[in-house]
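Data file: run-v6.cif. Format and content: mmCIF, C-alpha atoms.
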```cif
data_input
loop_
_atom_site.label_atom_id
_atom_site.label_comp_id
_atom_site.auth_asym_id
_atom_site.auth_seq_id
_atom_site.Cartn_x
_atom_site.Cartn_y
_atom_site.Cartn_z
CA MET A 136 22.77 -11.46 -31.07
CA ASN A 137 25.68 -10.96 -28.67
CA ARG A 138 25.32 -10.34 -24.94
CA THR A 139 26.18 -6.62 -25.10
CA THR A 140 23.56 -5.94 -27.79
CA MET A 141 21.06 -8.00 -25.81
CA ASN A 142 21.70 -6.00 -22.65
CA ALA A 143 21.37 -2.72 -24.54
CA LEU A 144 18.08 -3.93 -26.05
CA GLU A 145 16.83 -5.05 -22.63
CA GLN A 146 17.65 -1.66 -21.17
CA GLN A 147 15.94 0.14 -24.02
CA PHE A 148 12.93 -2.11 -23.57
CA ALA A 149 12.79 -1.47 -19.82
CA ARG A 150 12.91 2.29 -20.45
CA THR A 151 10.10 2.07 -23.00
CA VAL A 152 7.93 0.01 -20.65
CA ALA A 153 8.60 2.38 -17.76
CA LYS A 154 7.61 5.33 -19.92
CA HIS A 155 4.38 3.73 -21.10
CA LYS A 156 3.52 1.72 -17.97
CA SER A 157 0.27 3.60 -17.30
CA THR A 158 -0.91 3.05 -20.90
CA ILE A 159 -0.25 -0.69 -20.64
CA TYR A 160 -1.81 -0.88 -17.19
CA THR A 161 -4.93 1.04 -18.27
CA VAL A 162 -5.63 -1.35 -21.16
CA CYS A 163 -5.10 -4.40 -18.92
CA TYR A 164 -7.26 -2.90 -16.18
CA MET A 165 -10.16 -2.25 -18.56
CA PHE A 166 -10.08 -5.86 -19.73
CA SER A 167 -9.85 -7.40 -16.24
CA GLN A 168 -12.19 -8.27 -13.43
CA ASP A 169 -9.71 -8.35 -10.54
CA ALA A 170 -6.15 -7.46 -9.55
CA ASP A 171 -4.82 -10.96 -10.31
CA GLU A 172 -6.14 -10.78 -13.84
CA VAL A 173 -4.47 -7.38 -14.32
CA ASN A 174 -1.19 -8.96 -13.16
CA ASP A 175 -1.58 -11.83 -15.61
CA LEU A 176 -2.54 -9.62 -18.53
CA PHE A 177 0.20 -7.09 -17.81
CA GLN A 178 2.83 -9.81 -17.98
CA GLU A 179 1.39 -11.34 -21.13
CA VAL A 180 1.50 -7.88 -22.73
CA LEU A 181 5.11 -7.43 -21.55
CA LEU A 182 6.04 -10.75 -23.10
CA ASN A 183 4.40 -9.91 -26.43
CA LEU A 184 5.96 -6.45 -26.44
CA TRP A 185 9.37 -8.00 -25.83
CA LYS A 186 8.90 -10.55 -28.62
CA GLY A 187 8.01 -7.78 -31.08
CA PHE A 188 10.36 -5.09 -29.76
CA GLU A 189 13.43 -6.13 -31.71
CA ASN A 190 11.51 -6.06 -34.98
CA PHE A 191 9.52 -2.89 -34.31
CA GLU A 192 10.01 -0.90 -37.49
CA HIS A 193 9.18 2.59 -36.21
CA ARG A 194 6.75 3.03 -39.09
CA SER A 195 4.18 3.99 -36.49
CA ASP A 196 4.52 5.81 -33.20
CA ILE A 197 5.72 3.53 -30.39
CA LYS A 198 2.65 4.43 -28.32
CA THR A 199 0.34 3.30 -31.15
CA TRP A 200 2.29 0.06 -31.39
CA ILE A 201 2.02 -0.49 -27.63
CA TYR A 202 -1.76 0.01 -27.83
CA ARG A 203 -1.90 -2.43 -30.72
CA VAL A 204 0.01 -5.15 -28.86
CA ALA A 205 -1.81 -4.56 -25.57
CA LEU A 206 -5.28 -4.64 -27.12
CA ASN A 207 -4.46 -7.63 -29.35
CA THR A 208 -3.19 -9.50 -26.28
CA CYS A 209 -6.27 -8.66 -24.22
CA ILE A 210 -8.65 -9.68 -27.03
CA SER A 211 -6.87 -12.92 -27.86
CA LEU A 212 -5.95 -14.25 -24.43
CA ASP A 213 -8.04 -17.22 -23.47
CA ARG A 214 -9.40 -16.43 -20.02
CA LYS A 215 -10.14 -20.10 -19.36
CA LYS A 216 -6.44 -20.87 -19.41
CA ARG A 217 -5.67 -18.67 -16.47
CA ARG A 218 -1.97 -17.86 -16.42
CA SER A 219 -0.10 -17.75 -13.16
CA ALA A 220 1.39 -14.32 -12.58
CA THR A 221 5.09 -14.61 -11.99
CA ILE A 222 5.57 -11.17 -10.49
CA ARG A 223 3.49 -8.84 -8.34
CA LEU A 224 3.17 -5.39 -9.82
CA ASN A 225 4.62 -2.70 -7.66
CA MET A 226 1.49 -0.77 -6.66
CA ASP A 227 0.51 0.98 -3.44
CA ILE A 228 -3.09 1.13 -4.54
CA ASN A 229 -5.62 -1.53 -5.44
CA LEU A 230 -8.10 -0.14 -7.93
CA PHE A 231 -10.48 -3.02 -7.32
CA GLU A 232 -10.61 -2.75 -3.54
CA ASP A 233 -9.64 0.73 -2.33
CA ARG A 234 -12.64 2.84 -1.41
CA ASP A 235 -11.45 6.45 -1.46
CA GLU A 236 -13.33 8.97 -3.62
CA ASP A 237 -10.81 8.99 -6.50
CA THR A 238 -10.75 5.20 -6.72
CA ARG A 239 -14.55 5.16 -6.60
CA GLN A 240 -14.58 7.44 -9.65
CA VAL A 241 -12.08 5.20 -11.46
CA ASP A 242 -14.19 2.20 -10.51
CA MET A 243 -17.24 3.87 -12.07
CA LEU A 244 -15.30 4.28 -15.30
CA HIS A 245 -14.26 0.61 -15.19
CA ALA A 246 -17.85 -0.47 -14.57
CA ARG A 247 -19.14 1.55 -17.55
CA ILE A 248 -16.45 0.37 -19.94
CA SER A 249 -16.67 -3.27 -18.81
CA ARG A 250 -20.30 -3.42 -19.85
CA LEU A 251 -19.37 -2.74 -23.47
CA GLN A 252 -18.43 -5.45 -25.96
CA PRO A 253 -14.63 -5.99 -26.17
CA PHE A 254 -14.15 -4.16 -29.51
CA ASP A 255 -16.29 -1.21 -28.39
CA ARG A 256 -14.34 -1.19 -25.14
CA ALA A 257 -11.14 -0.84 -27.15
CA ILE A 258 -12.54 1.98 -29.31
CA VAL A 259 -13.84 4.03 -26.38
CA LEU A 260 -10.62 3.46 -24.48
CA LEU A 261 -8.56 4.84 -27.35
CA TRP A 262 -10.93 7.79 -27.66
CA LEU A 263 -10.60 8.50 -23.93
CA GLU A 264 -6.84 8.46 -24.40
CA ASN A 265 -7.27 11.37 -26.85
CA LEU A 266 -6.09 9.47 -29.89
CA PRO A 267 -7.20 10.93 -33.24
CA TYR A 268 -9.87 9.02 -35.14
CA GLU A 269 -7.38 8.14 -37.86
CA GLU A 270 -5.07 6.45 -35.37
CA ILE A 271 -7.97 4.67 -33.65
CA GLY A 272 -8.99 3.38 -37.08
CA GLN A 273 -5.46 2.16 -37.78
CA ILE A 274 -5.25 0.27 -34.50
CA VAL A 275 -8.71 -1.28 -34.74
CA GLY A 276 -8.78 -1.81 -38.50
CA ILE A 277 -11.73 0.37 -39.54
CA SER A 278 -12.11 3.63 -41.48
CA THR A 279 -12.06 7.05 -39.81
CA LYS A 280 -15.72 7.54 -40.72
CA ASN A 281 -16.53 4.20 -39.18
CA VAL A 282 -14.81 5.23 -35.95
CA SER A 283 -17.04 8.30 -35.62
CA VAL A 284 -20.20 6.29 -36.36
CA ARG A 285 -19.13 3.65 -33.87
CA LEU A 286 -18.38 6.20 -31.18
CA PHE A 287 -21.80 7.75 -31.70
CA ARG A 288 -23.41 4.33 -31.15
CA ILE A 289 -21.26 3.65 -28.10
CA ARG A 290 -22.36 7.00 -26.67
CA GLU A 291 -26.01 6.01 -27.17
CA GLN A 292 -25.32 2.69 -25.51
CA LEU A 293 -23.66 4.34 -22.53
CA LYS A 294 -26.59 6.72 -22.18
CA LYS A 295 -29.00 3.81 -22.21
CA MET A 296 -26.94 2.02 -19.57
CA SER A 297 -27.02 4.98 -17.23
CA ASN A 298 -30.81 5.23 -17.65
CA ASP A 299 -31.28 1.55 -16.77
CA MET B 145 -3.37 15.29 -31.63
CA ASN B 146 -7.10 15.21 -31.67
CA ASN B 147 -8.96 18.06 -33.23
CA ASP B 148 -11.86 19.76 -31.43
CA PHE B 149 -14.51 18.19 -33.58
CA GLU B 150 -13.31 14.69 -32.81
CA ASN B 151 -12.61 15.40 -29.23
CA ARG B 152 -15.83 17.00 -28.12
CA PHE B 153 -19.07 15.25 -27.37
CA ASP B 154 -21.68 17.48 -25.80
CA ASP B 155 -22.45 14.81 -23.33
CA PRO B 156 -21.85 15.16 -19.60
CA GLN B 157 -21.46 11.41 -19.19
CA LEU B 158 -18.60 11.18 -21.66
CA GLU B 159 -17.00 14.25 -20.17
CA ASP B 160 -17.27 12.51 -16.78
CA MET B 161 -15.52 9.51 -18.27
CA ARG B 162 -12.75 11.73 -19.63
CA GLN B 163 -12.22 13.19 -16.16
CA GLN B 164 -12.25 9.74 -14.58
CA MET B 165 -9.69 8.62 -17.15
CA ALA B 166 -7.47 11.57 -16.29
CA MET B 167 -7.82 10.64 -12.62
CA LEU B 168 -6.80 7.06 -13.38
CA LYS B 169 -3.77 8.23 -15.35
CA GLN B 170 -2.73 10.55 -12.56
CA LYS B 171 -3.00 7.75 -10.00
CA LEU B 172 -1.00 5.38 -12.20
CA GLU B 173 1.72 7.92 -12.93
CA GLN B 174 2.34 8.15 -9.18
CA GLN B 175 2.91 4.38 -9.00
CA GLU B 176 6.08 2.54 -9.89
CA ILE B 177 4.11 -0.49 -11.28
CA VAL B 178 7.25 -2.12 -12.74
CA ASN B 179 10.97 -1.52 -12.49
CA ASP B 180 13.90 -2.95 -14.44
CA GLN B 181 14.27 -5.92 -12.16
CA LEU B 182 10.57 -6.83 -12.25
CA ILE B 183 10.56 -6.60 -16.04
CA ARG B 184 13.57 -8.90 -16.33
CA GLU B 185 12.17 -11.36 -13.78
CA SER B 186 8.80 -11.43 -15.49
CA LEU B 187 10.25 -11.97 -18.96
CA GLN B 188 12.66 -14.69 -17.89
CA SER B 189 10.03 -16.51 -15.93
CA LYS B 190 7.38 -16.20 -18.65
CA LEU B 191 9.75 -17.36 -21.38
CA ARG B 192 10.79 -20.32 -19.21
CA SER B 193 7.19 -21.29 -18.49
CA VAL B 194 6.23 -21.04 -22.20
CA ARG B 195 9.18 -23.31 -23.06
CA ILE B 196 8.30 -25.81 -20.31
CA GLN B 197 4.67 -25.91 -21.41
CA LYS B 198 5.61 -26.49 -25.04
CA TRP B 199 8.12 -29.27 -24.32
CA GLY B 200 5.92 -30.76 -21.56
CA LYS B 201 3.05 -31.08 -24.01
CA MET B 202 5.26 -32.69 -26.66
CA PHE B 203 6.73 -35.09 -24.10
CA PHE B 204 3.25 -36.09 -22.91
CA ILE B 205 2.02 -36.72 -26.46
CA PHE B 206 5.15 -38.73 -27.28
CA LEU B 207 4.69 -40.80 -24.12
CA ALA B 208 1.01 -41.41 -24.89
CA MET B 209 1.91 -42.43 -28.46
CA LEU B 210 4.14 -45.16 -27.07
CA TYR B 211 2.31 -46.13 -23.89
CA VAL B 212 -1.30 -46.47 -25.11
CA PRO B 213 -0.59 -48.73 -28.12
CA ALA B 214 1.83 -50.80 -26.02
CA MET B 215 -0.81 -51.22 -23.30
CA LEU B 216 -3.44 -52.12 -25.89
CA TYR B 217 -1.18 -54.70 -27.51
CA TRP B 218 0.40 -56.42 -24.51
CA LEU B 219 -2.23 -55.95 -21.82
CA LEU B 220 -5.52 -56.11 -23.69
CA HIS B 221 -4.21 -58.13 -26.64
CA THR B 222 -5.85 -56.05 -29.34
CA GLU B 223 -4.80 -56.40 -32.96
CA MET B 224 -1.78 -54.58 -34.37
CA TRP B 225 -3.77 -52.44 -36.83
CA PHE B 226 -5.81 -51.08 -33.90
CA CYS B 227 -2.63 -50.15 -31.98
CA LEU B 228 -1.24 -48.38 -35.04
CA LEU B 229 -4.54 -46.57 -35.57
CA SER B 230 -4.44 -45.31 -31.95
CA MET B 231 -0.88 -44.14 -32.46
CA ALA B 232 -1.86 -42.33 -35.68
CA PHE B 233 -4.72 -40.60 -33.86
CA PHE B 234 -2.33 -39.18 -31.26
CA ALA B 235 0.00 -38.01 -34.00
CA ILE B 236 -2.83 -36.27 -35.91
CA ALA B 237 -4.12 -34.70 -32.68
CA ALA B 238 -0.64 -33.37 -31.91
CA ILE B 239 -0.16 -31.91 -35.40
CA TYR B 240 -3.63 -30.34 -35.40
CA ASP B 241 -3.06 -28.89 -31.95
CA PHE B 242 0.30 -27.46 -32.99
CA TYR B 243 -0.93 -25.80 -36.18
CA TYR B 244 -4.47 -24.72 -35.43
CA MET B 245 -5.15 -24.49 -31.73
CA ASN B 246 -1.91 -23.05 -30.44
CA GLY B 247 -2.97 -19.45 -29.97
CA ILE B 248 -2.29 -16.38 -32.06
CA SER B 249 1.27 -15.98 -33.34
CA GLU B 250 3.54 -13.31 -31.89
CA LYS B 251 3.86 -11.73 -35.34
CA SER B 252 0.07 -11.30 -35.55
CA ILE B 253 -0.11 -9.81 -32.05
CA SER B 254 2.63 -7.36 -32.94
CA ARG B 255 1.41 -6.32 -36.40
CA ASN B 256 -2.29 -7.05 -36.86
CA GLN B 257 -5.11 -4.62 -36.42
CA LEU B 258 -7.54 -5.46 -33.65
CA LEU B 259 -10.33 -6.75 -35.89
CA GLU B 260 -7.89 -9.00 -37.77
CA THR B 261 -6.79 -10.49 -34.45
CA GLY B 262 -10.46 -10.93 -33.55
CA ARG B 263 -11.01 -12.85 -36.80
CA LEU B 264 -8.05 -15.10 -36.00
CA VAL B 265 -9.44 -15.76 -32.51
CA ALA B 266 -12.84 -16.65 -33.99
CA ARG B 267 -11.16 -18.92 -36.55
CA MET B 268 -9.14 -20.65 -33.82
CA LYS B 269 -12.27 -21.27 -31.75
CA GLN B 270 -14.04 -22.69 -34.80
CA MET B 271 -11.09 -24.96 -35.58
CA ASN B 272 -11.17 -26.13 -31.96
CA ALA B 273 -14.85 -26.91 -32.30
CA ARG B 274 -14.38 -28.61 -35.69
CA TRP B 275 -11.79 -30.93 -34.17
CA LEU B 276 -14.55 -32.34 -31.96
CA TRP B 277 -16.58 -33.21 -35.09
CA PHE B 278 -13.77 -35.55 -36.04
CA SER B 279 -12.55 -36.69 -32.63
CA ILE B 280 -15.89 -37.61 -31.00
CA PRO B 281 -17.07 -40.00 -33.79
CA PHE B 282 -13.54 -41.39 -34.00
CA LEU B 283 -13.42 -42.06 -30.25
CA ILE B 284 -16.86 -43.73 -30.34
CA PHE B 285 -15.61 -45.99 -33.15
CA TRP B 286 -12.33 -46.53 -31.26
CA LEU B 287 -14.11 -47.49 -28.04
CA ALA B 288 -16.55 -49.82 -29.83
CA THR B 289 -13.65 -51.53 -31.60
CA LEU B 290 -11.72 -51.81 -28.34
CA ILE B 291 -14.68 -53.46 -26.61
CA MET B 292 -15.18 -55.87 -29.53
CA GLN B 293 -11.52 -56.83 -29.58
CA VAL B 294 -11.32 -57.34 -25.82
CA ILE B 295 -14.47 -59.49 -25.82
CA ASN B 296 -13.20 -61.51 -28.80
CA SER B 297 -9.80 -62.08 -27.22
CA GLY B 298 -11.54 -63.80 -24.25
CA ASP B 299 -8.71 -62.77 -21.95
CA LEU B 300 -10.82 -61.08 -19.27
CA SER B 301 -12.87 -63.01 -16.73
CA SER B 302 -16.59 -62.16 -16.63
CA GLY B 303 -16.13 -59.97 -13.49
CA ASN B 304 -13.25 -58.04 -15.05
CA LEU B 305 -15.08 -57.75 -18.34
CA GLN B 306 -18.11 -56.23 -16.60
CA GLY B 307 -15.86 -53.67 -14.85
CA PHE B 308 -14.16 -52.91 -18.15
CA LEU B 309 -17.50 -52.34 -19.88
CA TYR B 310 -18.77 -50.08 -17.07
CA GLY B 311 -15.54 -48.08 -17.34
CA CYS B 312 -15.94 -47.71 -21.11
CA ALA B 313 -19.60 -46.69 -20.81
CA SER B 314 -18.83 -44.06 -18.13
CA GLY B 315 -15.94 -42.70 -20.20
CA LEU B 316 -18.16 -42.49 -23.27
CA ILE B 317 -20.98 -40.68 -21.46
CA ILE B 318 -18.72 -38.23 -19.58
CA GLY B 319 -16.46 -37.60 -22.60
CA GLY B 320 -19.38 -37.21 -25.01
CA THR B 321 -21.23 -34.80 -22.72
CA LEU B 322 -18.16 -32.65 -22.05
CA GLY B 323 -17.24 -32.65 -25.73
CA THR B 324 -20.73 -31.53 -26.75
CA ILE B 325 -20.78 -28.75 -24.13
CA ILE B 326 -17.32 -27.54 -25.21
CA TYR B 327 -18.34 -27.67 -28.87
CA PHE B 328 -21.42 -25.50 -28.42
CA ARG B 329 -19.65 -23.07 -26.09
CA GLN B 330 -16.76 -22.57 -28.52
CA GLN B 331 -19.07 -22.16 -31.49
CA ARG B 332 -21.10 -19.58 -29.54
CA ARG B 333 -17.97 -17.64 -28.57
CA ALA B 334 -16.68 -17.65 -32.13
CA GLN B 335 -20.08 -16.47 -33.37
CA GLU B 336 -20.15 -13.65 -30.78
CA ILE B 337 -16.79 -12.38 -32.02
CA ILE B 338 -17.86 -12.65 -35.67
CA ASP B 339 -21.12 -10.81 -34.93
CA GLN B 340 -19.26 -8.00 -33.16
CA ILE B 341 -16.82 -7.65 -36.07
CA GLU B 342 -19.66 -7.56 -38.60
CA ASN B 343 -21.48 -5.03 -36.48
CA ILE B 344 -18.45 -2.76 -36.30
CA THR B 345 -17.42 -3.03 -39.94
CA SER B 346 -20.98 -2.47 -41.21
CA ALA B 347 -21.39 0.76 -39.18
#
```

Please express the file's structure as C-alpha cells.
Amino acid sequence: MNRTTMNALEQQFARTVAKHKSTIYTVCYMFSQDADEVNDLFQEVLLNLWKGFENFEHRSDIKTWIYRVALNTCISLDRKKRRSATIRLNMDINLFEDRDEDTRQVDMLHARISRLQPFDRAIVLLWLENLPYEEIGQIVGISTKNVSVRLFRIREQLKKMSND
Amino acid sequence: MNNDFENRFDDPQLEDMRQQMAMLKQKLEQQEIVNDQLIRESLQSKLRSVRIQKWGKMFFIFLAMLYVPAMLYWLLHTEMWFCLLSMAFFAIAAIYDFYYMNGISEKSISRNQLLETGRLVARMKQMNARWLWFSIPFLIFWLATLIMQVINSGDLSSGNLQGFLYGCASGLIIGGTLGTIIYFRQQRRAQEIIDQIENITSA
C-alpha cells in the first residue's frame, strides 16, 4: 500500500473513530474498574479496529462492527497482563471519581452492569443502546428468541440485585 | 431501529438504566476523548510495543536455548543428551506458546461473534493449563536428572553441592506450588466462561 493510500485510510479511520468515540468509550467503561483500565481498553480496541479496518467488508453496519470488535476485545483481553496506556484520553470528566449528580447516576448504571456476568453485560449494553434484537443476536451469536429470553432473565437478576 | 415491543420493559429500573445511559452518552458527546493526533500516536506506539514484545520474547527464548545447555555442559558438566533435551524443551515451549497461548487472532476479533470469541478464550486458557500437565512432570524429571548428573560428575565440593541441592529443592517447591495454583485458576476461569456460554445458548 503506498503512502498516499495509507494516509487516506488513516484519515478515514480517524473520522470513523471520532464519530463513534462514545460507543467505543461506553463499552470500555462498562468493562473497566478504573480510569486507567478504560485507557488501556480503549487503545486495545483502537488497535484492533485499525487492524480490521482495511478489510472491513461493509456487509454489516459500521456501528455493529465497532460493537463487535469492542466487545470481543473486552471479553478476550487478559486483565492479568495489564497493558501500559500510551496515551491519555482527552477528557474533562472522570466518571470514576467526579461526584456531581449526573456522574452519580452514570456510576449507578456502571455498578449495576458490572455485577452481571460479562456476556450478560454485553447483551444489556447493546439493548440499552437501542439495538434491535436481531442485531444483538448477530453480535453475540445467539438467536433473536434467545436474546429476548436472556434479557428477561437479566431483568429478573437486576431486580433481585436491587432488592438485596 | 428497535420496535416498541422489543424496546419496552414495564420496569422502572430498566427505564432508569435507559435514562442513565442517555446521560452517559450526552456527557461523552461533549468530550473530545480522542483526536487525530492521539489516534495516530496511540496506534504507532501500540504497534511498536507489540513488535518489541514479539521480538523480545523470541530473542529471550533463542538466548535461553543457547545459554542454558552451554551452562549445563561447560559449567556443570552434564551429558550431551541432557543438554540437547533441555534445548528441545525450550524449542517446544516456544512453538506451543506461539501457536496456542498467543491470544486471539486479529481476524477473530474483527469477525467472530461474541460467544465464539468466548469459546476461543476458554480454549486458550485450557491449553495454557494443559501445558502445565506436560511441563511440571518434565521439569521434575529434568531437575532430578540434573541433580543425579551433577552428583555423579563429582565436580562440586560438599559445601557447593549442599547449596546446589537447597537451590534445586527451593526451585522445585516454589515452581510446583505456583504451577499448581496457576493450573487450577486457569481451569476455573475457562470453566466459568464455558458455563456462561452454555447458560446463554440453552436459554

In Å, with one decimal, what is the gap from atom CA of B:Trp275 to atom CA of B:Gln257?
27.2 Å

Using all atoms listed in the file, find each residue in chain B having at least one atom no more than 8 Å away from chain A; report its shortest atom-to-atom pair and that distance in Å (one decimal), rows by chain then rising number, as a tab-separated table.
```
residue	atom	partner	partner_atom	distance
B:Met145	CA	A:Pro267	CA	6.0
B:Asn146	CA	A:Pro267	CA	4.6
B:Asn147	CA	A:Pro267	CA	7.3
B:Glu150	CA	A:Tyr268	CA	7.0
B:Asn151	CA	A:Asn265	CA	7.1
B:Gln157	CA	A:Lys294	CA	7.6
B:Leu158	CA	A:Arg290	CA	7.5
B:Met161	CA	A:Leu244	CA	6.0
B:Arg162	CA	A:Leu263	CA	5.8
B:Gln164	CA	A:Val241	CA	5.5
B:Met165	CA	A:Leu263	CA	6.8
B:Met167	CA	A:Val241	CA	7.0
B:Leu168	CA	A:Val241	CA	5.9
B:Lys169	CA	A:Ser157	CA	6.4
B:Leu172	CA	A:Ser157	CA	5.5
B:Glu173	CA	A:Ser157	CA	6.3
B:Gln175	CA	A:Met226	CA	5.8
B:Glu176	CA	A:Asn225	CA	5.9
B:Ile177	CA	A:Asn225	CA	4.3
B:Val178	CA	A:Asn225	CA	5.7
B:Asn179	CA	A:Ala153	CA	7.0
B:Asp180	CA	A:Ala149	CA	5.7
B:Leu182	CA	A:Ile222	CA	6.9
B:Ile183	CA	A:Ala149	CA	6.8
B:Glu185	CA	A:Ile222	CA	7.4
B:Ser186	CA	A:Ile222	CA	6.0
B:Leu187	CA	A:Leu182	CA	6.0
B:Ser189	CA	A:Thr221	CA	6.6
B:Lys190	CA	A:Leu182	CA	7.2
B:Leu191	CA	A:Leu182	CA	7.8
B:Gly247	CA	A:Ser211	CA	7.9
B:Ile248	CA	A:Ser211	CA	7.1
B:Glu250	CA	A:Asn183	CA	6.5
B:Lys251	CA	A:Gly187	CA	7.1
B:Ile253	CA	A:Asn207	CA	5.6
B:Ser254	CA	A:Val204	CA	5.3
B:Arg255	CA	A:Arg203	CA	7.6
B:Asn256	CA	A:Arg203	CA	7.7
B:Gln257	CA	A:Gly276	CA	5.1
B:Leu258	CA	A:Val275	CA	4.5
B:Leu259	CA	A:Gly276	CA	5.8
B:Glu260	CA	A:Gly276	CA	7.3
B:Thr261	CA	A:Asn207	CA	6.3
B:Gly262	CA	A:Ile210	CA	6.9
B:Val265	CA	A:Ser211	CA	6.0
B:Gln340	CA	A:Phe254	CA	7.4
B:Ile341	CA	A:Phe254	CA	7.9
B:Ile344	CA	A:Arg285	CA	6.9
B:Thr345	CA	A:Ile277	CA	6.6
B:Ala347	CA	A:Asn281	CA	6.0
```

Would you mind listing what lies within 12 Å of B:Ala334 as a PyMOL selection string, with only C-alpha atoms counted and same-chain residues fewer than 3 positions away left out?
(chain A and resi 211) or (chain B and resi 262-274+327-331+337-341)

What is the distance between atom CA of B:Gly298 and atom CA of B:Met231, in Å to one decimal?
23.8 Å

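Residue selection for this entry, given the PyMOL selection byres ((chain B and resi 291) around 10), comprises B:Leu220, B:Thr222, B:Phe285, B:Trp286, B:Leu287, B:Ala288, B:Thr289, B:Leu290, B:Met292, B:Gln293, B:Val294, B:Ile295, B:Asn296, B:Ser297, B:Leu305, B:Phe308, B:Leu309, B:Cys312.
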